[in-house]
Amino acid sequence: MNEIISFLSENWYVIVMVLVLLFAIYYTITNKTKVKEWLCYAVTIAERDLKSGTGQLKLRQVYDMFIERFPIFSKLVPFSTFSMWVDDALVFLREQLEKNEAIKNF
């Protein structure tokens with residue numbers, strides 16, 4: 001029993017880091033779906049505001065919205081991954097624009 005207590009007292013920082021890492025992984029997995037759904041909304045707003053031919057500006061607007069909406073999660077996701085998610089959301093938006101006249105009018 002003393003060995004366990006000794007181990008815990010000597011390595012408490014490792015245990016804390018493992019717990020933080022596990023929390024970060026859990027947080028990332030649970031929020032990924034929520035962020036991807038939200039991105040469909042965000043790219044729609046950016047498309048409405050900036051129109052076509054302004055890809056980098058739209059990406060920047062969506063990224064700024066992402067940082068504001070998900071401040072902790074935005075620090076965990078690399079920009080390259082975020083950019084791929086935006087591309088996926090744009091594909092979804094284009095499909096919806098072809099199918100849904102109300103979205104096209106928005």
# chains A, B, ... in the order shown; residues from 1 in each chain; ligands from 1
call {"tool": "residues_around", "arguments": {"residues": "A:Arg94", "least_positions_apart": "4", "cutoff": "10 Å", "atoms": "only C-alpha atoms", "output": "mmCIF file with N, CA, C and O atoms, in the first residue's frame"}}
result
data_model
loop_
_atom_site.group_PDB
_atom_site.id
_atom_site.type_symbol
_atom_site.label_atom_id
_atom_site.label_comp_id
_atom_site.auth_asym_id
_atom_site.auth_seq_id
_atom_site.Cartn_x
_atom_site.Cartn_y
_atom_site.Cartn_z
ATOM 1 N N THR A 44 -22.930 29.038 -45.009
ATOM 2 C CA THR A 44 -24.109 29.643 -45.645
ATOM 3 C C THR A 44 -24.141 31.146 -45.385
ATOM 4 O O THR A 44 -24.388 31.945 -46.299
ATOM 5 N N ALA A 89 -18.235 21.245 -45.741
ATOM 6 C CA ALA A 89 -19.474 22.005 -45.542
ATOM 7 C C ALA A 89 -19.884 22.724 -46.820
ATOM 8 O O ALA A 89 -21.078 22.836 -47.128
ATOM 9 N N LEU A 90 -18.915 23.198 -47.586
ATOM 10 C CA LEU A 90 -19.227 23.852 -48.861
ATOM 11 C C LEU A 90 -19.812 22.875 -49.868
ATOM 12 O O LEU A 90 -20.730 23.232 -50.623
ATOM 13 N N GLU A 98 -28.727 23.200 -54.872
ATOM 14 C CA GLU A 98 -29.331 22.586 -56.060
ATOM 15 C C GLU A 98 -30.702 22.002 -55.755
ATOM 16 O O GLU A 98 -31.571 22.002 -56.623
ATOM 17 N N LYS A 99 -30.911 21.539 -54.545
ATOM 18 C CA LYS A 99 -32.147 20.855 -54.179
ATOM 19 C C LYS A 99 -33.211 21.770 -53.584
ATOM 20 O O LYS A 99 -34.395 21.507 -53.728
ATOM 21 N N LYS A 104 -31.507 28.681 -51.575
ATOM 22 C CA LYS A 104 -30.942 29.498 -52.662
ATOM 23 C C LYS A 104 -31.390 30.957 -52.509
ATOM 24 O O LYS A 104 -30.601 31.876 -52.709
#
call {"tool": "residues_around", "arguments": {"residues": "stretch 32-39 of chain A", "least_positions_apart": "4", "cutoff": "12 Å", "atoms": "only C-alpha atoms", "output": "PyMOL selection string"}}
result
chain A and resi 24-28+43-47+58-59+61-67+69-71+73-74+76-77+81-93
call {"tool": "write_last_selection", "arguments": {"atoms": "C-alpha atoms", "output": "JSON list (two decimals), in the first residue's frame"}}
result
[["chain", "number", "residue", "atom", "x", "y", "z"],
["A", 24, "ALA", "CA", -9.07, 16.72, -24.49],
["A", 25, "ILE", "CA", -9.63, 13.61, -26.60],
["A", 26, "TYR", "CA", -13.16, 13.17, -25.25],
["A", 27, "TYR", "CA", -13.92, 16.85, -25.78],
["A", 28, "THR", "CA", -12.62, 16.70, -29.35],
["A", 43, "VAL", "CA", -20.55, 28.77, -44.63],
["A", 44, "THR", "CA", -24.11, 29.64, -45.64],
["A", 45, "ILE", "CA", -23.83, 32.96, -43.80],
["A", 46, "ALA", "CA", -20.40, 33.68, -45.30],
["A", 47, "GLU", "CA", -21.65, 32.83, -48.80],
["A", 58, "LYS", "CA", -15.14, 33.56, -46.54],
["A", 59, "LEU", "CA", -12.73, 31.10, -44.96],
["A", 61, "GLN", "CA", -14.96, 34.92, -41.73],
["A", 62, "VAL", "CA", -15.97, 31.34, -40.93],
["A", 63, "TYR", "CA", -12.76, 30.80, -38.94],
["A", 64, "ASP", "CA", -13.38, 33.98, -36.92],
["A", 65, "MET", "CA", -16.93, 32.79, -36.23],
["A", 66, "PHE", "CA", -15.54, 29.38, -35.22],
["A", 67, "ILE", "CA", -13.09, 30.91, -32.74],
["A", 69, "ARG", "CA", -18.35, 30.10, -31.02],
["A", 70, "PHE", "CA", -15.92, 27.36, -29.93],
["A", 71, "PRO", "CA", -13.00, 29.10, -28.18],
["A", 73, "PHE", "CA", -12.12, 23.64, -29.33],
["A", 74, "SER", "CA", -10.54, 26.08, -31.78],
["A", 76, "LEU", "CA", -7.32, 21.95, -30.31],
["A", 77, "VAL", "CA", -8.07, 21.79, -34.04],
["A", 81, "THR", "CA", -8.18, 20.29, -40.43],
["A", 82, "PHE", "CA", -10.62, 23.15, -39.99],
["A", 83, "SER", "CA", -10.13, 24.13, -43.64],
["A", 84, "MET", "CA", -10.95, 20.58, -44.76],
["A", 85, "TRP", "CA", -14.11, 20.67, -42.67],
["A", 86, "VAL", "CA", -15.09, 23.94, -44.34],
["A", 87, "ASP", "CA", -14.55, 22.35, -47.75],
["A", 88, "ASP", "CA", -16.87, 19.50, -46.73],
["A", 89, "ALA", "CA", -19.47, 22.00, -45.54],
["A", 90, "LEU", "CA", -19.23, 23.85, -48.86],
["A", 91, "VAL", "CA", -19.88, 20.64, -50.76],
["A", 92, "PHE", "CA", -22.95, 20.09, -48.58],
["A", 93, "LEU", "CA", -24.08, 23.68, -49.19]]
